[in-house]
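> Provided herewith: data01.txt, compact mmCIF, C-alpha atoms.
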```txt
# COMPACT_ATOMS: atom_id res chain seq x y z
CA MET A 1 103.07 127.43 78.15
CA SER A 2 104.90 129.13 75.29
CA ASP A 3 104.45 132.76 74.23
CA THR A 4 101.74 133.68 71.76
CA LYS A 5 103.02 133.88 68.19
CA ILE A 6 101.47 136.68 66.15
CA VAL A 7 100.56 135.80 62.56
CA ASP A 8 100.08 139.16 60.89
CA ALA A 9 97.98 138.47 57.79
CA ARG A 10 96.40 141.89 57.54
CA ASP A 11 95.94 143.30 54.04
CA THR A 12 96.82 140.15 52.15
CA PHE A 13 94.86 138.50 49.34
CA CYS A 14 97.32 135.75 48.49
CA PRO A 15 98.18 133.47 50.20
CA GLY A 16 95.49 134.88 52.51
CA PRO A 17 94.93 134.71 56.26
CA LEU A 18 93.83 131.10 56.65
CA MET A 19 96.64 129.80 54.43
CA GLU A 20 99.09 131.89 56.48
CA LEU A 21 97.68 130.44 59.67
CA ILE A 22 98.01 126.87 58.38
CA THR A 23 101.64 127.57 57.43
CA HIS A 24 102.43 128.82 60.92
CA MET A 25 100.49 126.01 62.59
CA LYS A 26 102.63 123.49 60.72
CA GLN A 27 105.77 125.22 62.00
CA SER A 28 104.49 125.23 65.60
CA SER A 29 104.53 122.64 68.35
CA VAL A 30 101.54 121.07 70.09
CA GLY A 31 100.44 123.42 72.87
CA ASP A 32 101.63 126.59 71.11
CA THR A 33 99.23 129.53 70.94
CA LEU A 34 98.98 131.62 67.78
CA GLU A 35 97.10 134.86 67.28
CA LEU A 36 95.97 135.54 63.73
CA LEU A 37 95.44 139.16 62.69
CA SER A 38 93.24 139.47 59.62
CA THR A 39 91.40 142.23 57.78
CA ASP A 40 89.53 139.67 55.65
CA GLU A 41 85.86 139.95 56.57
CA GLY A 42 85.41 136.19 56.18
CA SER A 43 88.10 135.22 58.68
CA GLY A 44 85.76 135.42 61.67
CA ALA A 45 83.90 132.37 60.32
CA ASP A 46 86.41 130.71 57.94
CA VAL A 47 89.16 130.28 60.50
CA PRO A 48 87.04 128.65 63.27
CA GLU A 49 85.52 126.33 60.63
CA TRP A 50 88.96 124.95 59.77
CA VAL A 51 90.29 124.99 63.33
CA ASN A 52 87.30 123.01 64.58
CA LYS A 53 87.34 120.56 61.69
CA VAL A 54 91.03 119.73 62.06
CA GLY A 55 90.77 119.53 65.84
CA HIS A 56 92.70 122.52 67.19
CA GLU A 57 91.21 124.90 69.75
CA ILE A 58 89.84 128.42 69.35
CA LEU A 59 90.71 130.43 72.48
CA SER A 60 89.18 133.74 71.43
CA ASN A 61 87.75 135.40 68.33
CA GLU A 62 87.04 139.11 68.25
CA LYS A 63 87.07 142.01 65.84
CA ILE A 64 88.83 145.15 67.07
CA ASP A 65 88.92 148.28 64.90
CA GLY A 66 88.30 146.28 61.73
CA VAL A 67 90.91 143.61 62.49
CA TRP A 68 90.03 140.04 63.45
CA HIS A 69 92.12 138.81 66.40
CA ILE A 70 91.75 135.03 66.55
CA LYS A 71 93.70 133.03 69.12
CA ILE A 72 94.23 129.35 68.45
CA ARG A 73 95.99 126.62 70.42
CA LYS A 74 97.62 123.83 68.43
CA ALA A 75 96.12 120.64 69.83
CA LYS A 76 97.64 117.89 67.68
CA MET B 1 130.29 150.43 48.97
CA ARG B 2 130.14 146.63 48.73
CA ILE B 3 126.77 145.17 47.71
CA LEU B 4 126.48 141.42 48.12
CA VAL B 5 123.58 139.57 46.49
CA VAL B 6 123.08 136.03 47.81
CA GLY B 7 121.02 133.95 45.40
CA GLY B 8 120.83 133.92 41.61
CA GLY B 9 117.13 133.27 41.02
CA THR B 10 114.62 135.72 39.63
CA GLY B 11 114.80 138.23 42.49
CA GLY B 12 118.57 138.20 42.98
CA THR B 13 119.31 138.45 39.27
CA ILE B 14 116.92 141.37 38.67
CA VAL B 15 118.25 143.24 41.71
CA ALA B 16 121.86 142.78 40.63
CA ASN B 17 121.26 143.81 37.00
CA ASN B 18 119.06 146.74 37.96
CA LEU B 19 121.69 147.98 40.42
CA ALA B 20 124.51 147.50 37.91
CA ARG B 21 122.71 149.86 35.52
CA ARG B 22 121.61 152.42 38.10
CA LEU B 23 125.08 152.52 39.62
CA SER B 24 127.16 152.15 36.45
CA ALA B 25 129.05 155.41 37.05
CA GLU B 26 129.77 154.50 40.67
CA ILE B 27 130.97 151.04 39.60
CA ARG B 28 133.24 152.51 36.91
CA SER B 29 134.77 154.86 39.47
CA ARG B 30 135.20 151.91 41.86
CA ARG B 31 133.06 153.46 44.55
CA VAL B 32 130.58 150.55 44.30
CA ARG B 33 131.12 146.85 43.77
CA ILE B 34 128.35 144.28 43.21
CA THR B 35 129.03 140.64 43.97
CA MET B 36 126.61 137.75 43.48
CA LEU B 37 126.98 134.35 45.15
CA SER B 38 124.81 131.52 43.88
CA ALA B 39 124.53 127.78 44.31
CA SER B 40 124.32 127.13 40.58
CA ASP B 41 125.84 128.28 37.29
CA LYS B 42 122.41 127.68 35.68
CA HIS B 43 119.24 129.74 35.89
CA MET B 44 115.94 127.91 35.59
CA TYR B 45 112.66 129.43 34.38
CA GLN B 46 110.58 127.64 36.97
CA PRO B 47 107.09 128.38 35.57
CA GLY B 48 108.13 126.30 32.55
CA LEU B 49 107.96 123.14 34.64
CA LEU B 50 104.18 123.05 34.32
CA TYR B 51 104.56 123.02 30.52
CA VAL B 52 107.10 120.19 30.79
CA ALA B 53 104.53 118.22 32.77
CA PHE B 54 102.13 118.49 29.82
CA GLY B 55 104.72 117.85 27.11
CA GLN B 56 104.59 121.44 25.85
CA MET B 57 108.20 122.30 26.69
CA THR B 58 111.32 120.21 27.09
CA PRO B 59 113.63 120.70 30.09
CA ASP B 60 116.51 122.14 28.05
CA GLN B 61 114.25 125.10 27.19
CA LEU B 62 114.09 126.09 30.86
CA TYR B 63 117.76 126.96 31.37
CA ARG B 64 120.29 129.66 30.61
CA ASP B 65 123.82 130.10 31.91
CA GLN B 66 123.53 132.43 34.89
CA ALA B 67 126.64 134.39 33.86
CA SER B 68 125.05 135.15 30.48
CA LEU B 69 122.13 136.87 32.23
CA LEU B 70 124.24 139.23 34.32
CA GLU B 71 125.68 142.63 33.52
CA GLY B 72 129.42 142.34 32.93
CA THR B 73 130.23 144.51 35.93
CA ILE B 74 128.71 142.03 38.38
CA ASP B 75 131.28 139.85 40.12
CA PHE B 76 129.59 136.42 39.94
CA HIS B 77 130.69 133.29 41.81
CA VAL B 78 129.15 129.84 42.07
CA ASP B 79 129.92 129.42 45.74
CA PRO B 80 126.88 129.18 48.02
CA VAL B 81 126.90 130.91 51.39
CA GLU B 82 127.01 128.62 54.41
CA LYS B 83 127.43 131.08 57.29
CA PHE B 84 125.85 134.49 57.75
CA HIS B 85 127.50 136.77 60.32
CA LEU B 86 125.05 139.67 60.17
CA ASP B 87 126.55 141.34 63.23
CA GLN B 88 129.92 141.51 61.44
CA ASN B 89 128.56 142.25 57.92
CA LYS B 90 130.17 139.19 56.39
CA VAL B 91 129.35 135.74 55.05
CA VAL B 92 131.39 132.57 54.64
CA THR B 93 130.90 130.39 51.57
CA LYS B 94 131.09 126.67 50.94
CA SER B 95 134.63 127.07 49.60
CA GLY B 96 135.64 128.84 52.81
CA LYS B 97 135.92 132.33 51.33
CA VAL B 98 134.81 135.31 53.38
CA TYR B 99 132.83 138.10 51.72
CA GLU B 100 132.34 141.35 53.60
CA TYR B 101 129.56 143.71 52.62
CA ASP B 102 128.00 147.04 53.39
CA ILE B 103 124.61 146.04 51.95
CA LEU B 104 123.37 142.46 51.78
CA VAL B 105 120.52 141.25 49.55
CA MET B 106 119.05 137.90 50.56
CA ALA B 107 117.35 136.11 47.68
CA THR B 108 117.94 132.46 48.49
CA GLY B 109 114.46 131.24 47.54
CA SER B 110 112.57 128.21 48.80
CA ARG B 111 112.67 124.43 48.47
CA ILE B 112 110.13 121.65 48.29
CA VAL B 113 109.80 119.35 51.29
CA PRO B 114 107.45 116.53 50.20
CA GLU B 115 109.16 114.27 52.77
CA GLN B 116 107.30 116.15 55.51
CA ILE B 117 104.12 114.30 54.57
CA PRO B 118 104.30 110.52 55.07
CA GLY B 119 104.03 108.65 51.78
CA LEU B 120 104.01 111.74 49.57
CA VAL B 121 107.44 111.14 48.02
CA GLU B 122 106.64 107.51 47.21
CA GLY B 123 102.97 107.93 46.33
CA ALA B 124 102.59 111.25 44.53
CA GLU B 125 103.80 112.78 41.31
CA THR B 126 104.68 116.43 41.18
CA PHE B 127 106.23 118.92 38.76
CA TYR B 128 108.39 121.19 40.89
CA THR B 129 111.70 119.78 39.58
CA GLU B 130 112.86 118.87 36.09
CA ALA B 131 112.92 115.14 36.85
CA THR B 132 109.50 115.05 38.52
CA ALA B 133 107.87 117.13 35.77
CA VAL B 134 109.15 114.69 33.11
CA LYS B 135 108.01 111.73 35.21
CA LEU B 136 104.56 113.26 35.64
CA PHE B 137 104.23 113.73 31.90
CA LYS B 138 105.07 110.06 31.33
CA ARG B 139 102.43 109.05 33.86
CA LEU B 140 99.85 111.29 32.18
CA ARG B 141 100.62 109.66 28.84
CA GLU B 142 100.24 106.18 30.29
CA ILE B 143 97.01 106.50 32.22
CA GLN B 144 93.93 105.26 30.37
CA GLU B 145 91.24 105.53 33.01
CA GLY B 146 90.64 106.06 36.71
CA THR B 147 90.84 108.81 39.30
CA VAL B 148 93.45 111.55 39.16
CA ALA B 149 93.60 113.26 42.56
CA VAL B 150 95.29 116.60 43.11
CA VAL B 151 96.36 117.62 46.62
CA VAL B 152 97.98 120.83 47.81
CA GLY B 153 100.63 121.17 50.53
CA VAL B 154 101.06 124.33 52.63
CA PRO B 155 102.82 126.66 52.12
CA HIS B 156 103.50 126.38 48.41
CA LYS B 157 105.12 128.39 45.68
CA CYS B 158 102.95 129.81 42.90
CA PRO B 159 99.46 129.67 44.45
CA ILE B 160 97.86 129.73 41.00
CA ALA B 161 99.54 126.46 39.98
CA PRO B 162 96.89 124.11 41.46
CA VAL B 163 94.15 125.76 39.40
CA GLU B 164 96.28 125.85 36.25
CA LEU B 165 97.05 122.17 36.75
CA ILE B 166 93.35 121.30 36.81
CA PHE B 167 92.61 123.24 33.61
CA GLY B 168 95.64 121.59 32.00
CA LEU B 169 94.58 118.09 33.04
CA HIS B 170 91.08 118.59 31.69
CA ASP B 171 92.35 119.77 28.30
CA TYR B 172 95.09 117.13 28.13
CA PHE B 173 92.72 114.20 28.72
CA LYS B 174 90.16 115.77 26.40
CA ALA B 175 92.78 115.96 23.64
CA ARG B 176 93.62 112.30 24.23
CA GLY B 177 89.92 111.43 23.91
CA ILE B 178 89.75 109.83 27.35
CA ARG B 179 88.31 112.66 29.45
CA ASP B 180 85.12 110.64 30.03
CA LYS B 181 87.19 107.79 31.49
CA ILE B 182 89.15 110.00 33.90
CA LYS B 183 87.73 111.41 37.12
CA ILE B 184 89.62 114.50 38.28
CA LYS B 185 89.30 115.27 41.98
CA TYR B 186 90.79 118.46 43.42
CA HIS B 187 91.54 118.92 47.10
CA TYR B 188 92.31 122.30 48.65
CA PRO B 189 93.46 123.26 52.17
CA ILE B 190 90.98 126.04 52.97
CA GLY B 191 87.21 126.33 52.71
CA ARG B 192 86.98 127.40 49.06
CA ILE B 193 88.71 126.19 45.90
CA HIS B 194 91.32 128.97 45.84
CA THR B 195 92.81 131.19 48.49
CA ILE B 196 92.09 134.35 46.47
CA LYS B 197 88.36 134.84 46.86
CA GLU B 198 87.94 136.34 43.40
CA VAL B 199 89.77 133.38 41.81
CA ALA B 200 87.63 130.93 43.78
CA ILE B 201 84.41 132.65 42.71
CA TRP B 202 85.52 132.60 39.07
CA ALA B 203 86.95 129.07 39.07
CA LYS B 204 84.06 127.26 40.77
CA PRO B 205 81.60 127.41 37.83
CA GLU B 206 84.51 126.58 35.50
CA PHE B 207 85.26 123.46 37.56
CA ASP B 208 81.56 122.57 37.48
CA ARG B 209 81.47 123.04 33.70
CA MET B 210 84.49 120.74 33.28
CA GLY B 211 83.09 118.11 35.66
CA ILE B 212 85.87 118.52 38.22
CA GLU B 213 85.07 117.12 41.66
CA TYR B 214 86.44 119.12 44.56
CA GLU B 215 86.85 118.81 48.30
CA THR B 216 87.84 121.80 50.40
CA LEU B 217 89.34 121.92 53.92
CA PHE B 218 91.63 119.07 52.88
CA ASN B 219 95.18 119.32 54.22
CA VAL B 220 97.26 116.35 53.17
CA GLY B 221 98.03 114.23 56.23
CA GLU B 222 99.44 111.05 54.72
CA VAL B 223 99.51 108.92 51.61
CA ASP B 224 98.81 105.20 51.95
CA VAL B 225 100.86 104.13 48.94
CA GLU B 226 99.96 100.45 49.10
CA ASN B 227 96.21 101.06 49.06
CA LYS B 228 96.40 104.23 46.92
CA VAL B 229 94.54 106.35 49.43
CA VAL B 230 95.37 109.94 50.42
CA ARG B 231 94.11 111.05 53.84
CA SER B 232 93.57 114.55 55.15
CA GLU B 233 94.39 116.02 58.54
CA GLU B 234 90.68 116.80 58.71
CA GLY B 235 89.80 113.09 58.70
CA THR B 236 88.65 112.43 55.13
CA GLU B 237 90.21 110.28 52.42
CA THR B 238 90.27 109.80 48.66
CA GLN B 239 91.09 106.71 46.62
CA TYR B 240 93.26 107.49 43.61
CA ASP B 241 94.88 105.89 40.59
CA LEU B 242 97.24 108.81 40.00
CA LEU B 243 98.04 111.28 42.76
CA ILE B 244 99.52 114.67 41.89
CA ALA B 245 100.79 116.88 44.71
CA ILE B 246 101.69 120.51 44.99
CA PRO B 247 104.39 119.81 47.60
CA PRO B 248 104.79 121.84 50.77
CA HIS B 249 107.70 124.28 50.79
CA ARG B 250 110.18 125.69 53.30
CA GLY B 251 112.81 128.36 53.06
CA MET B 252 116.36 127.27 52.29
CA GLU B 253 118.24 125.13 54.79
CA VAL B 254 121.02 127.70 55.11
CA VAL B 255 118.48 130.19 56.50
CA GLU B 256 117.33 127.70 59.11
CA GLN B 257 120.86 126.56 59.94
CA ASN B 258 121.85 130.17 60.62
CA ASN B 259 118.71 130.76 62.73
CA LEU B 260 117.62 133.61 60.50
CA GLY B 261 113.94 132.70 60.40
CA GLU B 262 111.40 130.07 61.43
CA GLY B 263 110.68 127.65 58.61
CA GLY B 264 113.52 129.21 56.62
CA TRP B 265 111.51 132.40 56.03
CA ILE B 266 113.30 135.59 57.04
CA PRO B 267 111.27 138.14 59.07
CA THR B 268 110.93 141.08 56.69
CA ASP B 269 109.38 144.55 56.79
CA ARG B 270 106.51 144.35 54.31
CA PHE B 271 107.10 147.86 52.93
CA LYS B 272 110.86 148.44 53.22
CA LEU B 273 111.78 144.82 52.39
CA THR B 274 114.55 144.97 54.99
CA MET B 275 115.20 142.19 57.46
CA ASN B 276 113.70 143.06 60.83
CA GLY B 277 116.46 144.55 62.98
CA HIS B 278 118.95 144.87 60.10
CA ASP B 279 118.55 148.00 57.99
CA ASN B 280 121.42 147.03 55.65
CA VAL B 281 119.94 143.59 54.87
CA PHE B 282 117.28 143.46 52.13
CA VAL B 283 115.13 140.36 51.62
CA LEU B 284 112.95 139.48 48.65
CA GLY B 285 111.08 136.79 46.81
CA ASP B 286 110.36 133.43 48.40
CA THR B 287 112.94 134.16 51.12
CA THR B 288 110.71 136.56 53.06
CA ASN B 289 108.14 135.64 55.68
CA LEU B 290 105.70 138.13 54.14
CA PRO B 291 102.08 137.17 53.54
CA VAL B 292 102.69 137.66 49.82
CA SER B 293 102.53 135.05 47.03
CA LYS B 294 105.76 133.15 46.58
CA THR B 295 106.11 133.77 42.85
CA GLY B 296 108.64 135.09 40.39
CA SER B 297 106.27 137.99 39.83
CA ALA B 298 106.40 139.10 43.48
CA ALA B 299 110.19 138.67 43.43
CA HIS B 300 110.37 140.79 40.27
CA PHE B 301 108.37 143.72 41.67
CA GLN B 302 110.18 143.51 45.01
CA ALA B 303 113.54 143.46 43.20
CA GLU B 304 112.72 146.72 41.44
CA VAL B 305 111.91 148.37 44.78
CA VAL B 306 115.01 146.99 46.48
CA ALA B 307 117.31 148.05 43.64
CA GLU B 308 115.81 151.52 43.42
CA ASN B 309 116.11 152.00 47.18
CA ILE B 310 119.70 150.73 47.43
CA ALA B 311 120.74 152.95 44.53
CA SER B 312 119.04 155.98 46.05
CA MET B 313 120.58 155.28 49.45
CA ILE B 314 123.97 155.43 47.75
CA LYS B 315 123.14 158.48 45.64
CA ILE B 316 121.05 160.63 48.01
CA GLY B 317 121.31 158.87 51.35
CA THR B 318 117.74 157.61 51.64
CA PRO B 319 115.39 155.00 50.14
CA VAL B 320 112.67 156.47 47.94
CA ARG B 321 109.72 154.10 47.89
CA ASP B 322 107.88 151.27 49.59
CA TYR B 323 106.80 147.90 48.18
CA ASP B 324 103.01 148.03 47.83
CA GLY B 325 102.49 144.25 47.70
CA LYS B 326 102.14 144.15 43.91
CA VAL B 327 101.81 140.73 42.30
CA TYR B 328 100.78 139.89 38.73
CA CYS B 329 99.97 136.25 38.02
CA PHE B 330 99.10 134.78 34.67
CA ILE B 331 96.46 132.06 34.96
CA GLU B 332 96.57 129.48 32.18
CA THR B 333 93.00 128.20 31.79
CA GLY B 334 93.78 125.29 29.52
CA HIS B 335 95.92 124.86 26.45
CA ASP B 336 94.67 127.85 24.51
CA SER B 337 93.30 130.46 26.92
CA ALA B 338 94.43 132.43 29.94
CA THR B 339 93.56 135.29 32.26
CA TYR B 340 95.48 137.04 35.03
CA ALA B 341 95.25 138.21 38.63
CA MET B 342 96.89 141.49 39.62
CA PHE B 343 96.67 142.76 43.18
CA ASN B 344 98.55 144.48 45.98
CA TYR B 345 98.18 144.90 49.73
CA GLN B 346 95.11 147.10 49.37
CA ASN B 347 93.41 146.11 46.11
CA PRO B 348 92.07 142.64 45.35
CA PRO B 349 92.32 141.23 41.82
CA ASP B 350 89.62 141.93 39.27
CA LEU B 351 89.55 138.82 37.10
CA LYS B 352 88.73 139.18 33.42
CA PRO B 353 87.22 136.40 31.26
CA PRO B 354 89.94 134.09 29.85
CA SER B 355 91.02 134.81 26.28
CA LYS B 356 93.33 133.44 23.61
CA PRO B 357 95.35 136.66 23.36
CA MET B 358 96.18 136.46 27.06
CA HIS B 359 97.37 132.88 26.54
CA TRP B 360 99.62 134.00 23.70
CA PHE B 361 100.89 136.83 25.88
CA LYS B 362 101.83 134.24 28.49
CA MET B 363 103.51 132.07 25.84
CA SER B 364 105.44 135.14 24.70
CA TYR B 365 106.35 135.98 28.27
CA ASN B 366 107.86 132.50 28.63
CA GLN B 367 110.50 133.77 26.16
CA MET B 368 110.48 137.39 27.30
CA TYR B 369 111.43 136.21 30.81
CA TRP B 370 115.06 136.11 29.74
CA THR B 371 114.84 139.80 28.90
CA SER B 372 112.92 140.49 32.08
CA VAL B 373 115.44 138.79 34.34
CA ARG B 374 118.22 140.82 32.75
CA GLY B 375 116.37 143.83 34.10
CA LEU B 376 115.50 145.15 30.64
CA LEU B 377 111.73 144.61 30.72
```
Please rewrite the model in this file as structure tokens.

Amino acid sequence: MSDTKIVDARDTFCPGPLMELITHMKQSSVGDTLELLSTDEGSGADVPEWVNKVGHEILSNEKIDGVWHIKIRKAK
Amino acid sequence: MRILVVGGGTGGTIVANNLARRLSAEIRSRRVRITMLSASDKHMYQPGLLYVAFGQMTPDQLYRDQASLLEGTIDFHVDPVEKFHLDQNKVVTKSGKVYEYDILVMATGSRIVPEQIPGLVEGAETFYTEATAVKLFKRLREIQEGTVAVVVGVPHKCPIAPVELIFGLHDYFKARGIRDKIKIKYHYPIGRIHTIKEVAIWAKPEFDRMGIEYETLFNVGEVDVENKVVRSEEGTETQYDLLIAIPPHRGMEVVEQNNLGEGGWIPTDRFKLTMNGHDNVFVLGDTTNLPVSKTGSAAHFQAEVVAENIASMIKIGTPVRDYDGKVYCFIETGHDSATYAMFNYQNPPDLKPPSKPMHWFKMSYNQMYWTSVRGLL
């Protein structure tokens, strides 16, 4: 099990949190865990939608002090 | 004080020129020296490539001699860096020369990596190089009917380009009188048609008005060149007659080879624009790992902050301001109208209706760039 990589996409409108996550997922290896930090209100739903459609795994999804913390494991 | 700027693109050139002016007295008295190392003696205006793809500019209009853009006090060499020894404050170039520095500015940019997606090089046209932009234009001239599919790799430079491409295609085929025979299908990696929510909200009814088909959550997985099918990582596929790709990008190889950052993107403080762990190394433009658009505009605004801070460090011993995430992107909405998106870390863009004057401003800026990159505008 590798360490969790933090993808800090707080306060960004372009390229935006999901695009940042996809970039980092492409740079990661299968089995890696990434934690996305996002202040975009939509991330709580947008990110799981993509993760589930492409076939990765959501490990946790919670909002703490206005910041979404979404942990994803790269599955393929 | 030795300032070394690595990279002669938009960011590096503006930093160097801005510093040369701010520190002209220090340079004259030989207390400061500015050196620039670049891989090329030419400077390309990269946004012009989209115009080349539509036959509105020719490639020769995109270039100037790099030396002609630089203040005369800048020591400029075409000799790309191959080794960075950040712990020793020195670099080694392709020719074997060693350059020591007190302050390093990293502005090496990014590169396209279409080969990362199977079939993309063979099956898709693009416009991110001079040769591919010309080739795309020839394909656009040839096509008489069928499906033109647009796909978008991640990450990519100039996030507005996919939308501008669609508006351009619609107007181009309309002008040729064959728009009714061409189906344009747009594919985008996330769950709306542009990553900036405000752009997506504005563009969706425009796409509907123009009859553009779109599929979201489509990350290009592979191109089946023989059967002319592009497949997504999400499990869907589209048949095409002409495939146009915004290719995925990475940072420069030299960054990866020197283990300076994953994917070739250097870990950078989003406000100070210094490399994490190295207070005398500034990073800007595409080279950073920041969640900021990879555009000449971002590089420009970052360059002004970096230059002002380096100059003030030399003059008063401290940097004076932070980068606030500012980006200003023109959005061409066809061949005779445009709008823009301006935003920073805290404030989203407020899109205005497209207008002809904004298009002519953009056309003017295409020429004014050469003044801008000299640090005069």
> For chain B against chain A, with a cut-off of 8 Å and counting only C-alpha atoms, what is the closest atom pair and its distance in Å to one decimal for every residue that makes the cut, ordered by chain and number, as a Markdown table?

```
| residue | atom | partner | partner_atom | distance |
| --- | --- | --- | --- | --- |
| B:Val154 | CA | A:Thr23 | CA | 5.8 |
| B:Pro155 | CA | A:Thr23 | CA | 5.5 |
| B:Pro159 | CA | A:Pro15 | CA | 7.0 |
| B:Pro189 | CA | A:Met19 | CA | 7.6 |
| B:Ile190 | CA | A:Leu18 | CA | 6.9 |
| B:Gly191 | CA | A:Asp46 | CA | 6.9 |
| B:Thr195 | CA | A:Gly16 | CA | 6.1 |
| B:Ile196 | CA | A:Phe13 | CA | 5.8 |
| B:Lys197 | CA | A:Phe13 | CA | 7.9 |
| B:Leu217 | CA | A:Trp50 | CA | 6.6 |
| B:Glu233 | CA | A:Val54 | CA | 6.1 |
| B:Glu234 | CA | A:Val54 | CA | 4.5 |
| B:Gly235 | CA | A:Val54 | CA | 7.5 |
| B:Glu262 | CA | A:Gln27 | CA | 7.5 |
| B:Gly263 | CA | A:Gln27 | CA | 6.4 |
| B:Pro291 | CA | A:Ala9 | CA | 6.0 |
| B:Val292 | CA | A:Cys14 | CA | 5.9 |
| B:Ser293 | CA | A:Cys14 | CA | 5.5 |
| B:Phe343 | CA | A:Phe13 | CA | 7.7 |
| B:Asn344 | CA | A:Thr12 | CA | 7.7 |
| B:Tyr345 | CA | A:Asp11 | CA | 5.1 |
| B:Gln346 | CA | A:Asp11 | CA | 6.1 |
| B:Pro348 | CA | A:Phe13 | CA | 6.4 |
```
> Kindly give the distance, in Å, that separates CA of Gly177 (chain B) and CA of Glu130 (chain B), rounded to a single decimal.
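Distance between the two atoms: 27.0 Å.
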> To one decimal place, how far is CA of Lys183 (chain B) from CA of Val121 (chain B) in Å?
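Calculated distance between CA of Lys183 (chain B) and CA of Val121 (chain B) is 22.5 Å.
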> Would you kindly return, as an MDAnalysis selection string, each protein, DNA or RNA residue with an atom no farther than 9 Å from any atom of Asn280 (chain B), considering all atoms listed in the file and excluding same-chain residues fewer than 3 positions away?
chainID B and resid 89 102:105 274:275
> What is the distance between CA of Val30 (chain A) and CA of Lys74 (chain A), in Å to one decimal?
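We find that CA of Val30 (chain A) and CA of Lys74 (chain A) lie 5.1 Å from each other.
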> Using all atoms listed in the file, give me every residue within 10 Å of (88.4, 120.5, 30.3) in file coordinates, as a list of chain:residue names.
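Residues with an atom at most 10 Å from (88.4, 120.5, 30.3): B:Ile166, B:Phe167, B:Gly168, B:Leu169, B:His170, B:Asp171, B:Tyr172, B:Phe173, B:Lys174, B:Ala175, B:Arg179, B:Glu206, B:Phe207, B:Arg209, B:Met210, B:Gly211, B:Ile212, B:Thr333, B:Gly334, B:His335.
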> Mind checking which residues fall within 9 Å of Val152 (chain B), counting only C-alpha atoms, ignoring those fewer than 3 positions away in the same chain, and posting them as a list in words?
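Within the cut-off, the hits are Pro155, His156, Pro162, Tyr186, His187, Tyr188, Pro189, Phe218, Asn219, Val220, Ile244, Ala245, Ile246, Pro247 and Pro248 of chain B.
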> With C-alpha atoms retained, write the just-selected residues as a PDB file, keeping the file's coordinate frame.

```pdb
ATOM      1  CA  PRO B 155     102.820 126.660  52.120  1.00  0.00           C
ATOM      2  CA  HIS B 156     103.500 126.380  48.410  1.00  0.00           C
ATOM      3  CA  PRO B 162      96.890 124.110  41.460  1.00  0.00           C
ATOM      4  CA  TYR B 186      90.790 118.460  43.420  1.00  0.00           C
ATOM      5  CA  HIS B 187      91.540 118.920  47.100  1.00  0.00           C
ATOM      6  CA  TYR B 188      92.310 122.300  48.650  1.00  0.00           C
ATOM      7  CA  PRO B 189      93.460 123.260  52.170  1.00  0.00           C
ATOM      8  CA  PHE B 218      91.630 119.070  52.880  1.00  0.00           C
ATOM      9  CA  ASN B 219      95.180 119.320  54.220  1.00  0.00           C
ATOM     10  CA  VAL B 220      97.260 116.350  53.170  1.00  0.00           C
ATOM     11  CA  ILE B 244      99.520 114.670  41.890  1.00  0.00           C
ATOM     12  CA  ALA B 245     100.790 116.880  44.710  1.00  0.00           C
ATOM     13  CA  ILE B 246     101.690 120.510  44.990  1.00  0.00           C
ATOM     14  CA  PRO B 247     104.390 119.810  47.600  1.00  0.00           C
ATOM     15  CA  PRO B 248     104.790 121.840  50.770  1.00  0.00           C
TER      16      PRO B 248
END
```
> Given the choices B:Arg176, B:His43, B:Arg28, B:Arg2, which gets closest to Lys90 (chain B) if the distance is worked out from all atoms listed in the file?
B:Arg2
> Which residues come within 8 Å of region 198-201 of chain B, counting only C-alpha atoms, excluding same-chain residues fewer than 2 positions away, as a VMD selection string?
chain B and resid 192 to 196 203 to 205 341 348 to 351
> Go ahead and save the picked residues with C-alpha atoms, as a PDB file, in the frame of the given file.

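Result saved to again-v5.pdb:
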```
ATOM      1  CA  ARG B 192      86.980 127.400  49.060  1.00  0.00           C
ATOM      2  CA  ILE B 193      88.710 126.190  45.900  1.00  0.00           C
ATOM      3  CA  HIS B 194      91.320 128.970  45.840  1.00  0.00           C
ATOM      4  CA  THR B 195      92.810 131.190  48.490  1.00  0.00           C
ATOM      5  CA  ILE B 196      92.090 134.350  46.470  1.00  0.00           C
ATOM      6  CA  ALA B 203      86.950 129.070  39.070  1.00  0.00           C
ATOM      7  CA  LYS B 204      84.060 127.260  40.770  1.00  0.00           C
ATOM      8  CA  PRO B 205      81.600 127.410  37.830  1.00  0.00           C
ATOM      9  CA  ALA B 341      95.250 138.210  38.630  1.00  0.00           C
ATOM     10  CA  PRO B 348      92.070 142.640  45.350  1.00  0.00           C
ATOM     11  CA  PRO B 349      92.320 141.230  41.820  1.00  0.00           C
ATOM     12  CA  ASP B 350      89.620 141.930  39.270  1.00  0.00           C
ATOM     13  CA  LEU B 351      89.550 138.820  37.100  1.00  0.00           C
TER      14      LEU B 351
END
```
